[in-house]
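All remarks here apply to the structure that follows.
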Amino acid sequence: MIKQRVQDALNEQINAEIYSSYMYYSMAAWFDSISLEGFAHWLRVQALEELTHVQKITGYLTERGGRAVMKAVDGPPTDWQSPLACFEEVYAHECKVTELINNLMDVALEERDHATVSFLKWFVDEQIEEESNTDTAVQKLKLVEGNKGGLFMLDREMDARTFVMPPELVGVF
Ligand code: FEO
């Protein structure tokens, strides 16, 4: 049976992942409102991925005899100054999530919960990709700053992202 402290920390992370999904959906709606549908699409895929993170943790808690408990979710921002400002926020948010995962790992280590340490390793690795992908988007947006043609090309590139359901979650959703 999973210890209460680890369970509580994992439930906090579920809330953070749901907030991430909610925020990315809000950003997608903002991009749609300024007719940059490729960026909106990229963010909707990101929002879906965040929900798979929620399900990974929920499933793990159940497997360990614990319980996922949903809490109130904060409202995300709804407007941004520019596509670059929005993606700078995406990148900063993912860095914050990395911190949360590291804190969660510290709790699991302190409680000598090796199963949770092993489970969290996937999230540690995932955050490398999350930071890298969002930083790349920031750098590309900086390159096209003030160049509308470049921005539209980048929008098309962002539209090519596809959502891939993690194999272990096929049939869960
Ligand atoms: Fe669930 Fe973007 O980290």
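All residue names refer to the structure tokens as shown: chains lettered A, B, ... in order, residues numbered from 1 in each chain, ligands numbered from 1 in order.
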
Go through the chains and note each residue within 7 Å of ligand 1, using only C-alpha atoms and all ligand atoms, then give the set as a PDB file with C-alpha atoms, in the first residue's frame.
ATOM      1  CA  GLU A  17      -1.070  18.156 -14.871  1.00  0.00           C
ATOM      2  CA  SER A  20      -1.282  22.275 -17.592  1.00  0.00           C
ATOM      3  CA  GLU A  50      -1.057  16.347 -20.309  1.00  0.00           C
ATOM      4  CA  HIS A  53       0.087  12.215 -17.750  1.00  0.00           C
ATOM      5  CA  GLU A  94       7.397  23.264 -18.301  1.00  0.00           C
ATOM      6  CA  VAL A  97       6.692  21.207 -13.909  1.00  0.00           C
ATOM      7  CA  GLN A 127      10.508  16.696 -18.868  1.00  0.00           C
ATOM      8  CA  GLU A 130       9.040  18.927 -22.779  1.00  0.00           C
TER       9      GLU A 130
END

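Residue nearest Asp113 (chain A), chosen from A:Ala28, A:Arg64, A:Lys140, A:Cys95 and counting only C-alpha atoms: A:Arg64.
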
Which residues of region 52-165 of chain A sit at most 7 Å from region 2-10 of chain A, using only C-alpha atoms? Give each one's shortest atom pair and distance in Å (one decimal place), in chain and ascending residue order, as a tab-separated table.
residue	atom	partner	partner_atom	distance
A:Ile57	CA	A:Leu10	CA	7.0
A:Arg64	CA	A:Ile2	CA	5.7
A:Gly65	CA	A:Ile2	CA	6.5
A:Gly66	CA	A:Ile2	CA	6.1
A:Leu104	CA	A:Ala9	CA	6.4
A:Val107	CA	A:Val6	CA	6.6
A:Ala108	CA	A:Val6	CA	6.3

Would you write out those residues with all heavy atoms, as a compact mmCIF listing (two decimals), in the first residue's frame?
# COMPACT_ATOMS: atom_id res chain seq x y z
N ILE A 57 -0.64 8.76 -13.75
CA ILE A 57 -0.54 8.86 -12.28
C ILE A 57 -1.76 8.22 -11.62
O ILE A 57 -1.65 7.48 -10.63
CB ILE A 57 -0.37 10.33 -11.83
CG1 ILE A 57 0.87 10.95 -12.47
CG2 ILE A 57 -0.27 10.41 -10.30
CD1 ILE A 57 1.01 12.45 -12.28
N ARG A 64 -1.35 0.81 -6.85
CA ARG A 64 -0.67 0.72 -5.55
C ARG A 64 -1.66 0.72 -4.38
O ARG A 64 -1.25 0.92 -3.23
CB ARG A 64 0.31 1.90 -5.40
CG ARG A 64 1.49 1.90 -6.34
CD ARG A 64 2.55 0.84 -6.01
NE ARG A 64 2.93 0.79 -4.61
CZ ARG A 64 3.79 1.63 -4.01
NH1 ARG A 64 4.36 2.59 -4.69
NH2 ARG A 64 4.07 1.48 -2.73
N GLY A 65 -2.91 0.59 -4.66
CA GLY A 65 -3.90 0.56 -3.57
C GLY A 65 -4.23 1.93 -3.03
O GLY A 65 -4.81 2.07 -1.95
N GLY A 66 -3.89 2.96 -3.79
CA GLY A 66 -4.21 4.33 -3.38
C GLY A 66 -5.42 4.83 -4.14
O GLY A 66 -6.15 4.05 -4.75
N LEU A 104 8.69 15.79 -6.22
CA LEU A 104 7.95 14.54 -6.03
C LEU A 104 8.94 13.38 -5.87
O LEU A 104 8.76 12.50 -5.01
CB LEU A 104 7.08 14.34 -7.27
CG LEU A 104 5.88 13.43 -7.26
CD1 LEU A 104 5.03 13.62 -6.05
CD2 LEU A 104 5.06 13.70 -8.53
N VAL A 107 10.33 13.33 -2.41
CA VAL A 107 9.40 12.74 -1.44
C VAL A 107 9.49 11.22 -1.51
O VAL A 107 9.59 10.53 -0.49
CB VAL A 107 7.94 13.22 -1.70
CG1 VAL A 107 6.94 12.43 -0.86
CG2 VAL A 107 7.80 14.71 -1.43
N ALA A 108 9.47 10.67 -2.75
CA ALA A 108 9.53 9.21 -2.92
C ALA A 108 10.83 8.65 -2.35
O ALA A 108 10.84 7.60 -1.70
CB ALA A 108 9.39 8.86 -4.40

Note to self: Taking the DSSP secondary structure from the backbone, can you list the residues of chain A that are helix (DSSP H, G or I), as a PyMOL selection string?
What the structure shows: chain A and resi 4-33+37-63+83-110+114-143+148-158+167-169
